[in-house]
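What follows is the content of work.cif (mmCIF, C-alpha atoms).
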data_upload
#
loop_
_atom_site.label_atom_id
_atom_site.label_comp_id
_atom_site.auth_asym_id
_atom_site.auth_seq_id
_atom_site.Cartn_x
_atom_site.Cartn_y
_atom_site.Cartn_z
CA VAL A 9 80.14 -35.00 -7.51
CA ALA A 10 80.13 -36.17 -11.15
CA ARG A 11 76.70 -37.68 -10.69
CA ARG A 12 75.37 -34.42 -9.31
CA LEU A 13 77.04 -32.21 -11.95
CA PHE A 14 76.59 -34.28 -15.08
CA THR A 15 73.36 -36.25 -14.63
CA THR A 16 69.82 -34.99 -14.37
CA PRO A 17 67.93 -36.48 -11.42
CA PRO A 18 64.63 -38.10 -12.40
CA MET A 19 61.48 -36.04 -11.85
CA ALA A 20 58.05 -37.40 -11.01
CA THR A 21 55.46 -36.97 -13.76
CA PRO A 22 52.56 -34.65 -12.81
CA VAL A 23 49.36 -36.46 -11.81
CA ASP A 24 45.88 -35.05 -11.26
CA LEU A 25 45.30 -35.29 -7.49
CA THR A 26 41.95 -33.51 -7.45
CA ASN A 27 39.74 -34.85 -4.62
CA LYS A 28 42.72 -36.58 -2.98
CA VAL A 29 43.76 -35.89 0.61
CA ALA A 30 47.43 -36.25 1.57
CA ILE A 31 49.34 -35.92 4.83
CA VAL A 32 53.04 -34.99 4.71
CA THR A 33 54.92 -35.04 8.01
CA GLY A 34 58.03 -32.95 8.58
CA ALA A 35 57.21 -30.20 6.08
CA SER A 36 59.34 -27.34 7.42
CA PRO A 37 60.49 -24.79 4.81
CA GLY A 38 63.67 -25.92 3.06
CA SER A 39 62.91 -29.61 3.52
CA ILE A 40 61.91 -32.34 1.09
CA GLY A 41 58.65 -32.62 3.00
CA TYR A 42 57.90 -28.99 2.19
CA GLU A 43 58.58 -29.56 -1.50
CA THR A 44 56.47 -32.72 -1.48
CA ALA A 45 53.53 -30.90 0.08
CA LYS A 46 53.89 -28.02 -2.38
CA THR A 47 53.86 -30.44 -5.32
CA PHE A 48 50.80 -32.35 -4.07
CA ALA A 49 48.88 -29.11 -3.59
CA SER A 50 49.91 -27.76 -7.00
CA TRP A 51 48.56 -30.99 -8.55
CA GLY A 52 45.18 -30.43 -6.91
CA ALA A 53 45.31 -32.37 -3.62
CA LYS A 54 44.11 -31.16 -0.24
CA VAL A 55 47.32 -31.34 1.80
CA VAL A 56 47.77 -31.58 5.54
CA VAL A 57 51.30 -30.69 6.67
CA THR A 58 52.88 -31.23 10.06
CA THR A 59 55.85 -29.65 11.79
CA ARG A 60 56.98 -29.62 15.39
CA ASN A 61 56.89 -25.82 15.56
CA ASN A 62 55.64 -22.82 13.55
CA THR A 63 53.15 -24.87 11.55
CA ASN A 64 51.01 -21.84 10.72
CA GLN A 65 54.06 -20.06 9.34
CA CYS A 66 54.82 -23.09 7.14
CA VAL A 67 51.25 -23.16 5.81
CA HIS A 68 51.34 -19.42 5.10
CA GLN A 69 54.60 -19.72 3.19
CA LEU A 70 53.35 -22.68 1.14
CA THR A 71 50.05 -21.00 0.34
CA SER A 72 51.66 -17.70 -0.61
CA THR A 73 54.16 -19.38 -2.91
CA LEU A 74 51.47 -21.33 -4.75
CA GLN A 75 49.13 -18.34 -4.96
CA ASN A 76 51.91 -16.28 -6.51
CA GLN A 77 52.26 -18.98 -9.16
CA SER A 78 48.46 -19.14 -9.68
CA LEU A 79 48.46 -22.81 -8.58
CA PRO A 80 45.98 -24.73 -6.40
CA ASN A 81 46.79 -24.26 -2.72
CA ASP A 82 44.42 -26.19 -0.46
CA ILE A 83 46.80 -26.60 2.49
CA ILE A 84 46.14 -26.94 6.19
CA GLY A 85 48.57 -27.63 9.01
CA HIS A 86 48.80 -29.05 12.50
CA SER A 87 51.70 -29.42 14.91
CA LEU A 88 53.03 -32.93 15.53
CA ASP A 89 55.91 -34.19 17.66
CA LEU A 90 56.49 -37.85 16.87
CA THR A 91 58.32 -38.42 20.16
CA LYS A 92 55.17 -37.64 22.15
CA PRO A 93 52.31 -40.15 21.88
CA GLU A 94 49.74 -37.65 23.08
CA THR A 95 50.45 -35.33 20.13
CA VAL A 96 49.96 -38.22 17.70
CA GLU A 97 46.62 -39.02 19.29
CA ASP A 98 45.66 -35.32 19.26
CA PHE A 99 46.60 -35.02 15.60
CA VAL A 100 44.53 -38.02 14.55
CA ALA A 101 41.52 -36.78 16.53
CA TRP A 102 41.91 -33.32 14.98
CA TYR A 103 42.22 -34.82 11.49
CA GLU A 104 39.04 -36.86 11.87
CA SER A 105 37.02 -33.93 13.20
CA THR A 106 38.44 -31.38 10.72
CA ILE A 107 39.18 -33.31 7.50
CA GLY A 108 37.20 -36.54 7.78
CA ASP A 109 37.71 -40.29 8.19
CA THR A 110 39.36 -41.04 4.84
CA LEU A 111 42.95 -40.54 3.71
CA ASP A 112 44.44 -41.21 0.28
CA ILE A 113 48.17 -40.58 0.81
CA LEU A 114 50.35 -40.66 3.92
CA VAL A 115 53.98 -39.62 3.51
CA ASN A 116 56.02 -40.41 6.64
CA ASN A 117 58.77 -37.91 5.91
CA ALA A 118 59.63 -36.48 9.34
CA GLY A 119 62.82 -37.71 10.97
CA VAL A 120 66.05 -36.76 12.71
CA HIS A 121 69.73 -37.56 12.40
CA SER A 122 71.32 -36.29 15.59
CA ASP A 123 74.96 -36.31 16.68
CA ILE A 124 76.43 -36.21 13.16
CA MET A 125 79.94 -36.23 14.65
CA GLY A 126 79.23 -39.48 16.49
CA SER A 127 80.43 -38.14 19.82
CA TRP A 128 77.72 -39.60 22.05
CA LYS A 129 78.92 -42.52 24.15
CA GLU A 130 75.45 -43.30 25.43
CA PRO A 131 72.09 -42.88 23.71
CA MET A 132 69.99 -39.76 24.15
CA LEU A 133 66.57 -40.89 25.29
CA SER A 134 63.11 -39.55 24.58
CA ALA A 135 60.87 -38.57 27.47
CA ASP A 136 59.33 -42.06 27.43
CA GLY A 137 62.69 -43.81 27.47
CA PHE A 138 63.54 -44.74 23.86
CA GLU A 139 66.73 -43.99 21.92
CA ILE A 140 65.95 -40.75 20.12
CA HIS A 141 66.47 -41.96 16.53
CA TRP A 142 64.36 -45.06 17.09
CA ARG A 143 61.65 -43.03 18.82
CA THR A 144 61.48 -40.28 16.18
CA ASN A 145 62.23 -42.14 12.96
CA TYR A 146 60.52 -45.45 13.64
CA LEU A 147 58.11 -45.57 16.59
CA GLY A 148 56.58 -42.15 15.94
CA PRO A 149 55.75 -42.77 12.27
CA MET A 150 54.47 -46.27 13.09
CA HIS A 151 52.20 -44.91 15.83
CA LEU A 152 50.79 -42.38 13.36
CA THR A 153 50.45 -44.96 10.58
CA HIS A 154 48.64 -47.49 12.77
CA ARG A 155 46.16 -44.85 13.93
CA LEU A 156 45.47 -43.76 10.34
CA LEU A 157 45.12 -47.24 8.84
CA PRO A 158 41.30 -47.25 9.15
CA PHE A 159 41.17 -43.97 7.20
CA LEU A 160 43.47 -45.36 4.52
CA VAL A 161 41.44 -48.56 4.23
CA LYS A 162 38.24 -46.55 3.81
CA ALA A 163 39.75 -44.39 1.03
CA GLY A 164 41.31 -47.17 -1.05
CA ASN A 165 39.76 -49.31 -3.74
CA LYS A 166 40.96 -51.95 -6.21
CA THR A 167 41.56 -49.53 -9.06
CA ASP A 168 42.99 -46.73 -6.93
CA PRO A 169 44.52 -47.96 -3.65
CA SER A 170 45.51 -45.54 -0.92
CA ARG A 171 49.27 -45.20 -0.35
CA VAL A 172 51.68 -45.08 2.57
CA VAL A 173 55.20 -43.84 1.85
CA PHE A 174 58.10 -44.22 4.28
CA VAL A 175 61.20 -42.07 3.80
CA ALA A 176 64.13 -44.23 4.86
CA SER A 177 67.79 -43.84 3.86
CA HIS A 178 70.50 -45.80 2.09
CA LEU A 179 72.11 -45.97 5.54
CA HIS A 180 69.55 -48.63 6.44
CA GLN A 181 72.05 -50.89 4.65
CA LYS A 182 74.24 -50.58 7.77
CA GLY A 183 71.48 -51.88 10.03
CA GLU A 184 71.34 -55.40 11.44
CA ASN A 185 68.33 -57.48 12.40
CA SER A 186 70.16 -58.74 15.47
CA GLU A 187 70.20 -55.17 16.86
CA LEU A 188 66.50 -54.45 16.34
CA PHE A 189 65.18 -56.09 19.49
CA GLN A 190 68.15 -55.85 21.84
CA ARG A 191 71.28 -53.72 21.56
CA ASN A 192 74.39 -55.90 21.67
CA LYS A 193 77.00 -53.49 20.31
CA PRO A 194 78.48 -50.34 21.90
CA TYR A 195 76.30 -47.32 21.20
CA ASN A 196 76.96 -45.36 18.02
CA SER A 197 74.54 -42.66 16.86
CA TRP A 198 75.12 -43.44 13.16
CA LEU A 199 74.28 -47.09 13.71
CA ALA A 200 71.26 -46.07 15.78
CA TYR A 201 70.08 -43.96 12.84
CA ALA A 202 70.67 -46.92 10.51
CA GLN A 203 68.64 -49.20 12.78
CA SER A 204 65.71 -46.78 12.78
CA LYS A 205 65.70 -46.71 8.98
CA LEU A 206 66.07 -50.50 8.74
CA GLY A 207 62.99 -50.72 10.92
CA LEU A 208 61.09 -48.52 8.46
CA VAL A 209 61.98 -50.77 5.53
CA HIS A 210 60.77 -53.83 7.44
CA ALA A 211 57.59 -51.95 8.36
CA ALA A 212 56.84 -50.87 4.80
CA LEU A 213 57.22 -54.41 3.45
CA GLU A 214 55.13 -55.90 6.24
CA LEU A 215 52.41 -53.27 5.94
CA HIS A 216 52.11 -54.04 2.25
CA LYS A 217 51.86 -57.75 2.93
CA ARG A 218 49.11 -57.28 5.51
CA TYR A 219 47.11 -54.45 3.96
CA SER A 220 47.44 -54.68 0.18
CA PRO A 221 44.38 -57.00 0.21
CA GLN A 222 42.56 -54.03 1.80
CA ASP A 223 43.68 -51.69 -0.98
CA ILE A 224 46.66 -50.01 0.66
CA GLN A 225 49.96 -49.88 -1.21
CA SER A 226 53.11 -49.28 0.84
CA TYR A 227 56.48 -47.95 -0.37
CA VAL A 228 59.84 -47.16 1.20
CA LEU A 229 62.67 -45.14 -0.33
CA HIS A 230 66.02 -43.44 -0.18
CA PRO A 231 65.54 -39.77 -1.13
CA GLY A 232 69.18 -39.15 -2.03
CA SER A 233 71.89 -36.96 -0.50
CA ILE A 234 70.20 -33.61 -0.16
CA ALA A 235 71.37 -30.10 0.68
CA THR A 236 69.02 -29.32 3.57
CA ASN A 237 69.48 -28.10 7.14
CA ILE A 238 69.25 -31.58 8.66
CA ALA A 239 73.05 -31.74 9.09
CA LEU A 240 73.01 -28.45 10.99
CA LYS A 241 70.36 -29.83 13.34
CA GLY A 242 72.52 -32.90 13.83
CA MET A 243 75.40 -30.70 14.99
CA GLU A 244 73.62 -29.44 18.10
CA SER A 245 76.03 -31.44 20.26
CA ASN A 246 79.08 -29.72 18.71
CA GLN A 247 78.58 -25.97 18.35
CA THR A 248 82.06 -25.37 16.90
CA MET A 249 81.43 -27.76 14.02
CA LYS A 250 77.93 -26.37 13.61
CA LYS A 251 79.31 -22.86 13.06
CA LEU A 252 81.87 -24.20 10.59
CA LEU A 253 79.16 -26.10 8.72
CA GLU A 254 77.03 -22.96 8.54
CA ILE A 255 79.88 -21.33 6.64
CA VAL A 256 80.45 -24.16 4.16
CA ASN A 257 76.79 -25.22 3.93
CA PRO A 258 76.11 -23.23 0.70
CA LEU A 259 78.76 -25.35 -1.07
CA GLN A 260 76.49 -28.40 -0.74
CA ALA A 261 74.46 -27.17 -3.66
CA TRP A 262 77.32 -27.99 -6.02
CA PHE A 263 77.36 -31.71 -5.32
CA MET A 264 74.11 -32.62 -3.55
CA LEU A 265 70.49 -32.72 -4.59
CA THR A 266 68.27 -29.72 -3.98
CA PRO A 267 65.18 -30.27 -1.80
CA VAL A 268 63.05 -30.18 -4.97
CA GLN A 269 65.15 -32.94 -6.55
CA GLY A 270 65.32 -34.92 -3.32
CA ALA A 271 61.54 -34.93 -2.98
CA GLN A 272 60.95 -36.60 -6.34
CA THR A 273 61.16 -40.25 -5.31
CA GLN A 274 58.60 -39.89 -2.52
CA ILE A 275 56.36 -37.88 -4.85
CA TYR A 276 56.75 -40.65 -7.45
CA CYS A 277 55.90 -43.40 -4.95
CA ALA A 278 52.87 -41.49 -3.71
CA THR A 279 51.39 -40.65 -7.09
CA ALA A 280 52.69 -42.72 -10.05
CA PRO A 281 49.65 -44.48 -11.57
CA GLY A 282 49.58 -48.25 -11.09
CA LEU A 283 52.90 -48.38 -9.23
CA PRO A 284 53.12 -51.69 -7.32
CA GLY A 285 54.01 -51.34 -3.66
CA GLY A 286 55.93 -53.55 -1.26
CA ARG A 287 59.28 -52.43 -2.68
CA TYR A 288 62.23 -50.14 -1.97
CA PHE A 289 62.93 -47.20 -4.29
CA ASP A 290 65.84 -44.92 -5.15
CA ARG A 291 65.88 -42.22 -7.86
CA CYS A 292 62.28 -43.04 -8.85
CA SER A 293 63.20 -46.67 -9.57
CA VAL A 294 63.04 -49.98 -7.73
CA ALA A 295 66.29 -50.64 -5.86
CA GLN A 296 67.72 -53.43 -3.74
CA PRO A 297 67.30 -52.97 0.03
CA ASN A 298 69.46 -54.42 2.77
CA PRO A 299 69.30 -58.25 2.50
CA GLU A 300 68.34 -58.27 6.19
CA THR A 301 64.88 -57.04 5.15
CA SER A 302 64.17 -60.32 3.34
CA ASN A 303 63.77 -62.04 6.71
CA ALA A 304 59.97 -62.27 6.88
CA GLU A 305 60.00 -63.56 10.46
CA VAL A 306 61.85 -60.43 11.65
CA SER A 307 59.42 -58.19 9.77
CA ARG A 308 56.47 -60.00 11.35
CA LYS A 309 57.94 -59.91 14.85
CA LEU A 310 58.81 -56.21 14.60
CA TRP A 311 55.32 -55.38 13.34
CA ASP A 312 53.62 -57.35 16.11
CA GLU A 313 55.78 -55.81 18.84
CA THR A 314 55.20 -52.35 17.43
CA GLN A 315 51.46 -52.93 17.28
CA GLN A 316 51.50 -54.04 20.91
CA TRP A 317 53.38 -50.89 21.89
CA VAL A 318 50.93 -48.69 19.97
#

Take the structure in this file and express it as structure tokens.
Amino acid sequence: VARRLFTTPPMATPVDLTNKVAIVTGASPGSIGYETAKTFASWGAKVVVTTRNNTNQCVHQLTSTLQNQSLPNDIIGHSLDLTKPETVEDFVAWYESTIGDTLDILVNNAGVHSDIMGSWKEPMLSADGFEIHWRTNYLGPMHLTHRLLPFLVKAGNKTDPSRVVFVASHLHQKGENSELFQRNKPYNSWLAYAQSKLGLVHAALELHKRYSPQDIQSYVLHPGSIATNIALKGMESNQTMKKLLEIVNPLQAWFMLTPVQGAQTQIYCATAPGLPGGRYFDRCSVAQPNPETSNAEVSRKLWDETQQWV
């Protein structure tokens, strides 16, 4: 609370993004993805936003807001459900035919944290059989990233590499390498969420190792504790608690970051001139990730298995 009330969160410094193209996943109104997309567009980028539903409504709201402020507003949207491989493939095909075969910035922001109360005794599975956090937070973004790598390689150069940003969470610190390839512990939705975010940190570090020679910089970050609707969505399994949270939700603003503040670290990673990749960030600064992520063999194995799955 003291940190929220008495310190000013760092803000990313404006950068000219004219002639840049950025994709921001999970850009629903009220989210940090929405604020990230709005910032990129206001700095001159052409921005592609994705949501699961009501994408046109999201684009209209973003465009109207920026127009009212007399700011650049080159924004286009397309639906994307990261749990469905066919929608990832459709999105990439649409992007290539509509936008082109180059991409400067990819922000993997979309994600879920379901079952906030931790009441599930067994995992909820996606249609193709994966635990829902792993499928949405890790496999989906990795599928999208792998498909877009040729576009990122084509856009990057030595003086101005393209960038891939993964939005993880400080909860990745609770993840364990031993649980990445085979679940050994009783199911817990919080630990499942942690594992999905640990996977993202491994992926970001490994992507940087493999693709920085091809002028792609990769970053992974904790956005902070933010007052958004993600907790409400995570209460779908407990309607009583969801209704209670709806009542107290406005109080979050007193001790949590706003979406604008929470978006700053991913904006910083995506745009700060000369910022070296291959690192974990918090509050627009380099931070220390889970020591488990220093295991290069695990990072390599996870990347290779993911690539095979893709």

Next item on the list: Provide the atom CA of A:Trp317 to atom CA of A:Asn62 distance in Å, to one decimal place.
Entry: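 Pair atom CA of A:Trp317 / atom CA of A:Asn62 returns 29.4 Å.
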
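Here the PyMOL selection byres ((chain A and resi 65) around 12) matches the residues Ala35, Ser36, Pro37, Val57, Thr58, Thr59, Arg60, Asn61, Asn62, Thr63, Asn64, Cys66, Val67, His68, Gln69, Leu70, Thr71, Ser72, Ile83, Ile84, Gly85, His86 and Ser87 of chain A.
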
Checklist line | Of the listed residues A:Thr314, A:Leu114, A:Pro169, A:Val161, that which approaches A:Gly207 most closely, counting all atoms listed in the file | finding: A:Thr314

Select from stretch 136-189 of chain A every residue with an atom at most 8 Å from any atom of stretch 194-201 of chain A, then for each give the shortest pair of atoms and their distance in Å to one decimal, using all atoms listed in the file, rows by chain and rising number, as CSV.
residue,atom,partner,partner_atom,distance
A:Glu139,CA,A:Ala200,CA,7.9
A:His141,CA,A:Tyr201,CA,5.5
A:Trp142,CA,A:Ala200,CA,7.1
A:Leu179,CA,A:Tyr201,CA,7.8
A:His180,CA,A:Tyr201,CA,7.9
A:Lys182,CA,A:Leu199,CA,6.9
A:Gly183,CA,A:Leu199,CA,6.7

Checklist line | Residues returned when the PyMOL selection byres ((chain A and resi 27-29) around 6) runs on this file, as a list in words | finding: Leu25, Thr26, Ala30, Ala53, Lys54, Val55, Leu111 and Asp112 of chain A

Where atoms are absent from stretch 78-89 of chain A, fill them in so it carries all heavy atoms, then output it as a JSON list (two decimals), in the coordinates of the input.
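Printed below is rebuild-v1.json as written:
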[["chain", "number", "residue", "atom", "x", "y", "z"],
["A", 78, "SER", "N", 49.82, -18.85, -9.21],
["A", 78, "SER", "CA", 48.46, -19.14, -9.68],
["A", 78, "SER", "C", 48.19, -20.64, -9.72],
["A", 78, "SER", "O", 47.58, -21.16, -10.66],
["A", 78, "SER", "CB", 48.24, -18.52, -11.07],
["A", 78, "SER", "OG", 48.40, -17.12, -11.01],
["A", 79, "LEU", "N", 48.64, -21.36, -8.68],
["A", 79, "LEU", "CA", 48.46, -22.81, -8.58],
["A", 79, "LEU", "C", 47.49, -23.14, -7.45],
["A", 79, "LEU", "O", 47.31, -22.34, -6.52],
["A", 79, "LEU", "CB", 49.80, -23.49, -8.32],
["A", 79, "LEU", "CG", 50.81, -23.44, -9.47],
["A", 79, "LEU", "CD1", 52.19, -23.89, -8.99],
["A", 79, "LEU", "CD2", 50.34, -24.29, -10.64],
["A", 80, "PRO", "N", 46.84, -24.31, -7.51],
["A", 80, "PRO", "CA", 45.98, -24.73, -6.40],
["A", 80, "PRO", "C", 46.75, -24.72, -5.08],
["A", 80, "PRO", "O", 47.95, -25.00, -5.05],
["A", 80, "PRO", "CB", 45.57, -26.15, -6.80],
["A", 80, "PRO", "CG", 45.72, -26.19, -8.28],
["A", 80, "PRO", "CD", 46.88, -25.30, -8.60],
["A", 81, "ASN", "N", 46.06, -24.41, -3.98],
["A", 81, "ASN", "CA", 46.79, -24.26, -2.72],
["A", 81, "ASN", "C", 45.91, -24.59, -1.52],
["A", 81, "ASN", "O", 45.82, -23.83, -0.57],
["A", 81, "ASN", "CB", 47.37, -22.86, -2.57],
["A", 81, "ASN", "CG", 46.32, -21.78, -2.81],
["A", 81, "ASN", "OD1", 45.52, -21.48, -1.93],
["A", 81, "ASN", "ND2", 46.32, -21.21, -4.00],
["A", 82, "ASP", "N", 45.27, -25.76, -1.56],
["A", 82, "ASP", "CA", 44.42, -26.19, -0.46],
["A", 82, "ASP", "C", 45.30, -26.89, 0.58],
["A", 82, "ASP", "O", 45.51, -28.11, 0.53],
["A", 82, "ASP", "CB", 43.34, -27.12, -0.99],
["A", 82, "ASP", "CG", 42.27, -27.41, 0.04],
["A", 82, "ASP", "OD1", 42.40, -26.93, 1.19],
["A", 82, "ASP", "OD2", 41.29, -28.13, -0.28],
["A", 83, "ILE", "N", 45.82, -26.09, 1.51],
["A", 83, "ILE", "CA", 46.80, -26.60, 2.49],
["A", 83, "ILE", "C", 46.34, -26.22, 3.89],
["A", 83, "ILE", "O", 45.91, -25.10, 4.14],
["A", 83, "ILE", "CB", 48.20, -26.01, 2.22],
["A", 83, "ILE", "CG1", 48.67, -26.36, 0.81],
["A", 83, "ILE", "CG2", 49.20, -26.52, 3.25],
["A", 83, "ILE", "CD1", 49.92, -25.62, 0.38],
["A", 84, "ILE", "N", 46.46, -27.17, 4.79],
["A", 84, "ILE", "CA", 46.14, -26.94, 6.19],
["A", 84, "ILE", "C", 47.22, -27.61, 7.03],
["A", 84, "ILE", "O", 47.86, -28.57, 6.57],
["A", 84, "ILE", "CB", 44.73, -27.49, 6.53],
["A", 84, "ILE", "CG1", 44.28, -27.07, 7.92],
["A", 84, "ILE", "CG2", 44.69, -29.00, 6.37],
["A", 84, "ILE", "CD1", 42.81, -27.37, 8.20],
["A", 85, "GLY", "N", 47.48, -27.08, 8.21],
["A", 85, "GLY", "CA", 48.57, -27.63, 9.01],
["A", 85, "GLY", "C", 48.19, -27.90, 10.44],
["A", 85, "GLY", "O", 47.19, -27.38, 10.96],
["A", 86, "HIS", "N", 49.00, -28.75, 11.08],
["A", 86, "HIS", "CA", 48.80, -29.05, 12.50],
["A", 86, "HIS", "C", 50.14, -29.47, 13.07],
["A", 86, "HIS", "O", 50.91, -30.20, 12.41],
["A", 86, "HIS", "CB", 47.78, -30.17, 12.68],
["A", 86, "HIS", "CG", 47.23, -30.27, 14.07],
["A", 86, "HIS", "ND1", 47.92, -30.89, 15.09],
["A", 86, "HIS", "CD2", 46.07, -29.83, 14.63],
["A", 86, "HIS", "CE1", 47.20, -30.84, 16.20],
["A", 86, "HIS", "NE2", 46.08, -30.19, 15.95],
["A", 87, "SER", "N", 50.44, -29.04, 14.28],
["A", 87, "SER", "CA", 51.70, -29.42, 14.91],
["A", 87, "SER", "C", 51.70, -30.91, 15.25],
["A", 87, "SER", "O", 50.65, -31.50, 15.53],
["A", 87, "SER", "CB", 51.95, -28.59, 16.17],
["A", 87, "SER", "OG", 50.90, -28.81, 17.11],
["A", 88, "LEU", "N", 52.89, -31.51, 15.23],
["A", 88, "LEU", "CA", 53.03, -32.93, 15.53],
["A", 88, "LEU", "C", 54.46, -33.21, 15.97],
["A", 88, "LEU", "O", 55.41, -32.92, 15.24],
["A", 88, "LEU", "CB", 52.69, -33.78, 14.30],
["A", 88, "LEU", "CG", 52.87, -35.29, 14.43],
["A", 88, "LEU", "CD1", 51.93, -35.87, 15.47],
["A", 88, "LEU", "CD2", 52.65, -35.98, 13.08],
["A", 89, "ASP", "N", 54.60, -33.76, 17.15],
["A", 89, "ASP", "CA", 55.91, -34.19, 17.66],
["A", 89, "ASP", "C", 55.86, -35.70, 17.80],
["A", 89, "ASP", "O", 55.18, -36.24, 18.69],
["A", 89, "ASP", "CB", 56.19, -33.53, 19.02],
["A", 89, "ASP", "CG", 57.57, -33.87, 19.56],
["A", 89, "ASP", "OD1", 58.19, -34.84, 19.08],
["A", 89, "ASP", "OD2", 58.04, -33.16, 20.47]]
